[in-house]
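Peer 1: Coordinates in model-v9.cif, mmCIF, C-alpha atoms, are listed below.
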```cif
data_target
#
loop_
_atom_site.label_atom_id
_atom_site.label_comp_id
_atom_site.auth_asym_id
_atom_site.auth_seq_id
_atom_site.Cartn_x
_atom_site.Cartn_y
_atom_site.Cartn_z
CA MET A 4 61.43 -20.28 100.81
CA THR A 5 62.27 -19.37 97.26
CA ARG A 6 65.85 -19.03 96.08
CA PRO A 7 67.19 -15.59 97.03
CA ASP A 8 67.41 -13.33 93.99
CA PHE A 9 70.69 -11.52 94.66
CA ASP A 10 71.01 -10.56 91.02
CA SER A 11 67.76 -8.59 91.23
CA LEU A 12 68.72 -7.10 94.59
CA LEU A 13 72.06 -5.86 93.25
CA ARG A 14 70.45 -4.38 90.13
CA HIS A 15 68.00 -2.50 92.31
CA ILE A 16 70.76 -1.33 94.65
CA TRP A 17 72.88 0.03 91.81
CA ALA A 18 69.89 1.74 90.18
CA THR A 19 69.07 3.55 93.43
CA GLU A 20 68.99 7.34 93.28
CA GLU A 21 69.32 9.71 96.23
CA GLU A 22 65.88 11.14 95.49
CA GLU A 23 63.11 8.92 94.21
CA ILE A 24 59.44 9.75 93.68
CA SER A 25 56.76 8.06 95.76
CA CYS A 26 54.13 5.60 94.58
CA THR A 27 51.50 8.34 94.82
CA GLU A 28 53.55 10.68 92.60
CA CYS A 29 54.05 7.76 90.23
CA PHE A 30 50.31 7.09 90.10
CA ASP A 31 49.67 10.76 89.26
CA LEU A 32 52.20 10.77 86.40
CA VAL A 33 51.58 7.35 84.80
CA PRO A 34 48.49 8.31 82.72
CA GLN A 35 50.34 11.09 80.86
CA TYR A 36 53.42 8.87 80.51
CA VAL A 37 51.33 6.09 78.95
CA ASP A 38 49.58 8.48 76.57
CA ARG A 39 52.90 9.96 75.43
CA GLU A 40 54.36 6.48 74.84
CA ILE A 41 51.35 5.39 72.79
CA ALA A 42 51.49 8.59 70.77
CA GLY A 43 55.20 7.95 70.11
CA LEU A 44 56.29 11.10 71.93
CA ALA A 45 59.50 11.26 73.93
CA ALA A 46 59.07 11.39 77.69
CA ASP A 47 60.01 14.76 79.09
CA LYS A 48 62.52 15.26 81.91
CA LYS A 49 60.07 15.04 84.79
CA LEU A 50 58.97 11.64 83.52
CA SER A 51 62.51 10.23 83.74
CA ARG A 52 62.09 10.00 87.51
CA LEU A 53 58.85 8.15 86.89
CA ARG A 54 60.68 5.63 84.74
CA GLN A 55 63.22 5.16 87.53
CA HIS A 56 60.44 4.49 90.04
CA LEU A 57 58.82 1.95 87.70
CA ASN A 58 62.15 0.12 87.52
CA GLN A 59 62.28 -0.06 91.30
CA CYS A 60 58.64 -0.71 92.22
CA GLY A 61 57.10 -4.01 91.11
CA VAL A 62 53.51 -3.14 91.96
CA CYS A 63 53.59 0.25 90.25
CA ARG A 64 55.26 -1.37 87.25
CA GLU A 65 52.57 -4.04 87.01
CA GLU A 66 49.86 -1.37 87.05
CA TYR A 67 51.67 0.76 84.49
CA GLU A 68 51.95 -2.22 82.14
CA ALA A 69 48.25 -3.02 82.50
CA LEU A 70 47.34 0.63 81.87
CA HIS A 71 49.63 0.81 78.84
CA ASP A 72 48.06 -2.36 77.46
CA LEU A 73 44.51 -1.09 77.95
CA ALA A 74 45.21 2.40 76.61
CA ARG A 75 46.93 0.93 73.55
CA LEU A 76 43.95 -1.34 72.85
CA GLU A 77 41.66 1.66 73.11
CA ALA A 78 43.84 3.74 70.79
CA GLU A 79 43.73 0.88 68.25
CA GLY A 80 39.97 0.43 68.62
CA ARG A 81 40.46 -3.10 69.96
CA LEU A 82 39.06 -2.90 73.48
CA PRO A 83 37.69 -6.36 74.42
CA SER A 84 34.02 -6.58 75.26
CA THR A 85 32.85 -7.51 78.76
CA ASP A 86 31.67 -10.91 77.44
CA GLU A 87 35.06 -11.63 75.90
CA LEU A 88 36.77 -10.78 79.18
CA ARG A 89 34.31 -12.87 81.22
CA ASN A 90 34.82 -15.86 78.92
CA SER A 91 38.57 -15.63 79.29
CA PHE A 92 38.40 -16.73 82.95
CA MET B 3 38.14 -7.26 84.08
CA HIS B 4 41.09 -6.45 81.86
CA ALA B 5 43.36 -5.90 84.85
CA LEU B 6 42.09 -9.05 86.59
CA ARG B 7 42.75 -11.11 83.46
CA ARG B 8 46.39 -10.00 83.55
CA SER B 9 46.53 -11.13 87.19
CA ARG B 10 45.06 -14.58 86.55
CA GLY B 11 47.83 -16.22 88.56
CA ASN B 12 46.56 -14.57 91.72
CA LEU B 13 42.97 -15.65 91.04
CA GLY B 14 43.52 -19.31 90.19
CA ARG B 15 41.65 -20.46 93.27
CA LEU B 16 38.47 -18.57 92.34
CA ALA B 17 35.53 -19.82 90.27
CA SER B 18 34.59 -17.63 87.30
CA THR B 19 31.49 -16.39 89.16
CA GLU B 20 33.72 -15.27 92.01
CA VAL B 21 36.02 -13.47 89.57
CA ASN B 22 32.97 -11.73 88.10
CA GLN B 23 31.87 -10.66 91.56
CA LEU B 24 35.37 -9.40 92.34
CA ALA B 25 35.32 -7.41 89.10
CA GLU B 26 31.94 -5.90 89.98
CA ASP B 27 33.17 -4.94 93.45
CA CYS B 28 36.34 -3.40 92.03
CA ALA B 29 34.36 -1.48 89.41
CA GLN B 30 32.16 0.04 92.13
CA ASP B 31 35.19 0.94 94.25
CA ALA B 32 36.88 2.44 91.20
CA LEU B 33 33.83 4.55 90.36
CA LEU B 34 33.78 5.93 93.88
CA ALA B 35 37.50 6.72 93.73
CA ILE B 36 37.15 8.42 90.35
CA LEU B 37 34.26 10.58 91.56
CA GLN B 38 36.18 11.45 94.70
CA HIS B 39 39.22 12.59 92.70
CA LEU B 40 37.41 14.11 89.70
CA ASP B 41 38.44 17.66 90.51
CA GLU B 42 42.11 16.57 90.45
CA PHE B 43 42.04 15.75 86.72
CA ARG B 44 44.23 18.37 85.08
CA GLY B 45 43.98 17.32 81.44
CA GLU B 46 47.64 16.19 81.23
CA SER B 47 46.46 12.83 79.94
CA ARG B 48 43.39 11.57 78.14
CA PHE B 49 40.43 11.39 80.52
CA THR B 50 39.90 7.67 79.76
CA THR B 51 43.55 6.85 80.56
CA TRP B 52 43.22 8.72 83.85
CA VAL B 53 39.99 6.84 84.67
CA TYR B 54 41.50 3.48 83.74
CA SER B 55 44.44 4.09 86.11
CA PHE B 56 42.08 4.05 89.11
CA ALA B 57 40.31 0.91 87.98
CA ILE B 58 43.55 -0.91 87.29
CA ASN B 59 45.09 0.05 90.61
CA ILE B 60 42.03 -1.11 92.56
CA ALA B 61 41.69 -4.34 90.58
CA LEU B 62 45.36 -5.35 90.86
CA VAL B 63 45.54 -4.53 94.58
CA ALA B 64 42.47 -6.76 95.05
CA ALA B 65 43.97 -9.52 92.91
CA ARG B 66 47.22 -9.47 94.91
CA ARG B 67 45.27 -9.61 98.16
CA GLU B 68 43.36 -12.63 96.86
CA GLY B 69 46.54 -14.30 95.68
CA TRP B 70 48.30 -13.93 99.01
CA LYS B 71 45.29 -14.45 101.28
CA ARG B 72 46.30 -17.93 102.36
CA VAL B 73 50.00 -17.22 102.82
CA PRO B 74 51.03 -16.85 106.49
CA LEU B 75 52.66 -13.45 106.07
CA ASP B 76 53.68 -13.32 109.73
CA GLN B 77 55.97 -16.27 109.02
CA VAL B 78 57.15 -15.02 105.64
CA ILE B 79 57.72 -11.38 106.57
CA ASP B 80 58.27 -11.12 110.30
CA ASN B 81 61.05 -13.70 110.62
CA PRO B 82 63.75 -12.98 108.03
CA HIS B 83 66.05 -15.92 109.00
CA LEU B 84 69.11 -14.07 107.78
CA ASP B 85 71.38 -17.09 108.08
CA GLU B 86 69.39 -18.98 105.47
CA TRP B 87 69.03 -16.33 102.88
CA THR B 88 72.49 -14.88 102.84
CA ALA B 89 74.27 -18.21 103.03
CA GLY B 90 74.89 -18.04 99.30
CA GLU B 91 73.63 -19.35 96.00
CA GLY B 92 72.82 -23.03 95.49
CA ARG B 93 75.55 -23.46 92.92
CA ALA B 94 78.85 -21.57 93.11
CA PRO B 95 80.40 -20.32 89.84
CA ALA B 96 83.04 -22.54 88.27
CA ASP B 97 85.51 -19.68 87.78
CA PRO B 98 87.47 -19.28 91.06
CA HIS B 99 87.84 -15.52 90.74
CA ARG B 100 84.11 -15.15 90.18
CA ARG B 101 83.42 -17.51 93.09
CA THR B 102 85.61 -15.46 95.41
CA LEU B 103 84.05 -12.21 94.28
CA GLN B 104 80.57 -13.65 94.76
CA SER B 105 81.25 -14.76 98.33
CA GLU B 106 82.95 -11.44 99.16
CA THR B 107 80.03 -9.47 97.75
CA LEU B 108 77.58 -11.60 99.70
CA ALA B 109 79.60 -11.02 102.88
CA VAL B 110 79.44 -7.24 102.40
CA ILE B 111 75.71 -7.35 101.68
CA ARG B 112 75.18 -9.54 104.74
CA GLU B 113 77.18 -7.20 106.98
CA ALA B 114 75.35 -4.16 105.63
CA ILE B 115 71.97 -5.77 106.19
CA ASP B 116 72.88 -6.97 109.72
CA HIS B 117 74.39 -3.69 110.92
CA HIS B 118 72.97 -0.87 108.84
CA LEU B 119 69.33 -1.75 108.24
CA SER B 120 66.49 -1.63 110.74
CA ASP B 121 64.47 -4.77 111.51
CA ARG B 122 61.63 -3.49 109.32
CA GLN B 123 64.01 -2.81 106.46
CA GLN B 124 65.45 -6.31 106.70
CA GLN B 125 61.96 -7.81 106.73
CA ALA B 126 60.78 -5.74 103.76
CA LEU B 127 63.92 -6.45 101.75
CA LYS B 128 63.67 -10.18 102.27
CA ALA B 129 59.94 -10.22 101.55
CA ILE B 130 60.31 -8.32 98.26
CA PHE B 131 63.51 -9.77 96.84
CA PHE B 132 63.61 -13.26 98.25
CA GLU B 133 59.99 -14.21 98.80
CA GLY B 134 58.31 -12.25 95.99
CA VAL B 135 55.75 -10.67 98.32
CA PRO B 136 54.10 -7.68 96.61
CA LEU B 137 54.76 -4.34 98.26
CA ASP B 138 50.99 -3.85 98.79
CA GLU B 139 50.80 -7.00 100.85
CA ILE B 140 53.70 -5.98 103.07
CA ALA B 141 51.97 -2.62 103.65
CA ARG B 142 48.68 -4.33 104.40
CA HIS B 143 50.32 -6.80 106.80
CA TRP B 144 51.89 -3.95 108.74
CA GLY B 145 48.80 -1.72 108.66
CA SER B 146 50.90 0.74 106.68
CA ASN B 147 50.67 2.11 103.13
CA ARG B 148 52.50 1.65 99.84
CA ASN B 149 54.38 4.96 100.04
CA ALA B 150 55.75 4.23 103.51
CA VAL B 151 57.02 0.76 102.57
CA TYR B 152 58.56 2.08 99.33
CA LYS B 153 60.35 4.81 101.30
CA LEU B 154 61.59 2.22 103.80
CA LEU B 155 63.00 0.12 100.96
CA HIS B 156 64.48 3.14 99.18
CA ASP B 157 66.34 4.08 102.33
CA ALA B 158 67.53 0.48 102.70
CA ARG B 159 68.81 0.42 99.11
CA ARG B 160 70.62 3.71 99.63
CA LYS B 161 72.38 2.32 102.70
CA LEU B 162 73.36 -0.91 100.94
CA LYS B 163 74.66 1.02 97.94
CA ALA B 164 76.72 3.33 100.16
CA ARG B 165 78.14 0.38 102.08
CA LEU B 166 79.12 -1.51 98.92
CA GLU B 167 80.84 1.58 97.55
CA GLU B 168 82.64 2.24 100.85
CA ARG B 169 84.01 -1.28 100.73
CA GLY B 170 85.25 -0.79 97.18
CA PHE B 171 82.60 -2.79 95.33
CA GLY B 172 81.27 -1.19 92.19
CA VAL B 173 78.51 -1.87 89.70
CA LYS B 174 80.87 -3.23 87.03
CA GLU B 175 82.33 -5.96 89.25
CA THR B 176 79.13 -7.08 90.93
CA LEU B 177 76.42 -6.83 88.30
CA ASP B 178 75.75 -10.22 86.65
CA LEU B 179 77.76 -11.90 89.40
CA PHE B 180 74.73 -13.86 90.58
CA GLY B 181 72.75 -13.94 87.38
CA GLY B 182 75.53 -14.81 84.95
CA GLU B 183 75.97 -18.46 85.85
CA ARG B 184 73.24 -20.91 86.84
#
```
The structure in this file should be written as structure tokens.

Peer 2:
Amino acid sequence: MTRPDFDSLLRHIWATEEEEISCTECFDLVPQYVDREIAGLAADKKLSRLRQHLNQCGVCREEYEALHDLARLEAEGRLPSTDELRNSF
Amino acid sequence: MHALRRSRGNLGRLASTEVNQLAEDCAQDALLAILQHLDEFRGESRFTTWVYSFAINIALVAARREGWKRVPLDQVIDNPHLDEWTAGEGRAPADPHRRTLQSETLAVIREAIDHHLSDRQQQALKAIFFEGVPLDEIARHWGSNRNAVYKLLHDARRKLKARLEERGFGVKETLDLFGGER
């Protein structure tokens, strides 16, 4: 068993809101959130609840980070080729 | 492939040909999902970003499944062994006030978990925060879905927060209490 992470548990407890969006709602909102971030636009109010969910949900956060990474590469014209990706394994 | 590369830790056991096959399978699944949901695209994001979100979700869920395939989740999830994981940190803080506050906070958390959370909530909490099990894998183990497990955990966090506040513990006193000293 790994060492219990009480620090993380407490942070998550204190960041808990009465109402939180679901993973499905998060999935629906993440693409526009990522595009706004890459364009340097401020997130609007409805996206603040998305940010809160991403702070609470490790799997949604991991997917958001991967999407942000990929969308940023595309915006910069630096998408890796399939061969480059294959060779990286 | 991009998403799988980010999840290399979960795929360490696989040969590169197996990773390629996994990527192909995920790409096909993603294409099906995108086609199925095409009429839901509302133009609030770039089309490519929207498309990528499906591919990334499918790829990372698959990578997590692969990474946890050999872990006996029935042992990790279904038997929380509360005594072990709320017994306290390995090393107590040197400062006596901090040490007292740490053990008092742990006692309140322990009491809240024992008396205010359901068995499922206790299992999910322990799996996420103390064993690092991804939420997807908990959902899969229970034959449930991500939303349901998130809701279960949200409710658990709300109860723990309410209990800490009822007992007079606030964010200022308890934050950094376990992370501040190693």

Peer 1: Output as an MDAnalysis selection string the set of chain A residues within 9 Å of chain B, with distances taken over all atoms listed in the file.

Peer 2: chainID A and resid 4:17 19:23 25:27 30:39 59:63 65:67 69:71 73:74 83 85 88:92

Peer 1: Suppose a student applies the PyMOL selection byres ((chain B and resi 125) around 9) to this structure; what residues should they get, written as an NGL selection string?

Peer 2: :B and (78-82 or 120-124 or 126-130)

Peer 1: Pull C-alpha atoms from the residues just selected and write them as a compact mmCIF listing (two decimals), in the frame of the given file.

Peer 2:
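Result file selection12.txt:
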```txt
# COMPACT_ATOMS: atom_id res chain seq x y z
CA VAL B 78 57.15 -15.02 105.64
CA ILE B 79 57.72 -11.38 106.57
CA ASP B 80 58.27 -11.12 110.30
CA ASN B 81 61.05 -13.70 110.62
CA PRO B 82 63.75 -12.98 108.03
CA SER B 120 66.49 -1.63 110.74
CA ASP B 121 64.47 -4.77 111.51
CA ARG B 122 61.63 -3.49 109.32
CA GLN B 123 64.01 -2.81 106.46
CA GLN B 124 65.45 -6.31 106.70
CA ALA B 126 60.78 -5.74 103.76
CA LEU B 127 63.92 -6.45 101.75
CA LYS B 128 63.67 -10.18 102.27
CA ALA B 129 59.94 -10.22 101.55
CA ILE B 130 60.31 -8.32 98.26
```

Peer 1: Mind checking which residues fall within 8 Å of A:Leu53, counting all atoms listed in the file, ignoring those fewer than 2 positions away in the same chain, and posting them as a PyMOL selection string?

Peer 2: chain A and resi 24+29+32-33+49-51+55-57

Peer 1: Give me, please, the distance in Å between atom CA of B:Asn12 and atom CA of A:Leu76, quoted to one decimal.

Peer 2: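 Value for the atom CA of B:Asn12-atom CA of A:Leu76 distance: 23.2 Å.
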
Peer 1: What is the atom CA of B:Leu75-atom CA of B:His143 distance in Å, reported with one decimal?

Peer 2: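 Spanning atom CA of B:Leu75 to atom CA of B:His143 is a straight-line distance of 7.1 Å.
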
Peer 1: To one decimal in Å, tell me the separation between atom CA of B:Glu113 and atom CA of B:Arg169.

Peer 2: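 For atom CA of B:Glu113 relative to atom CA of B:Arg169, the distance reads 11.0 Å.
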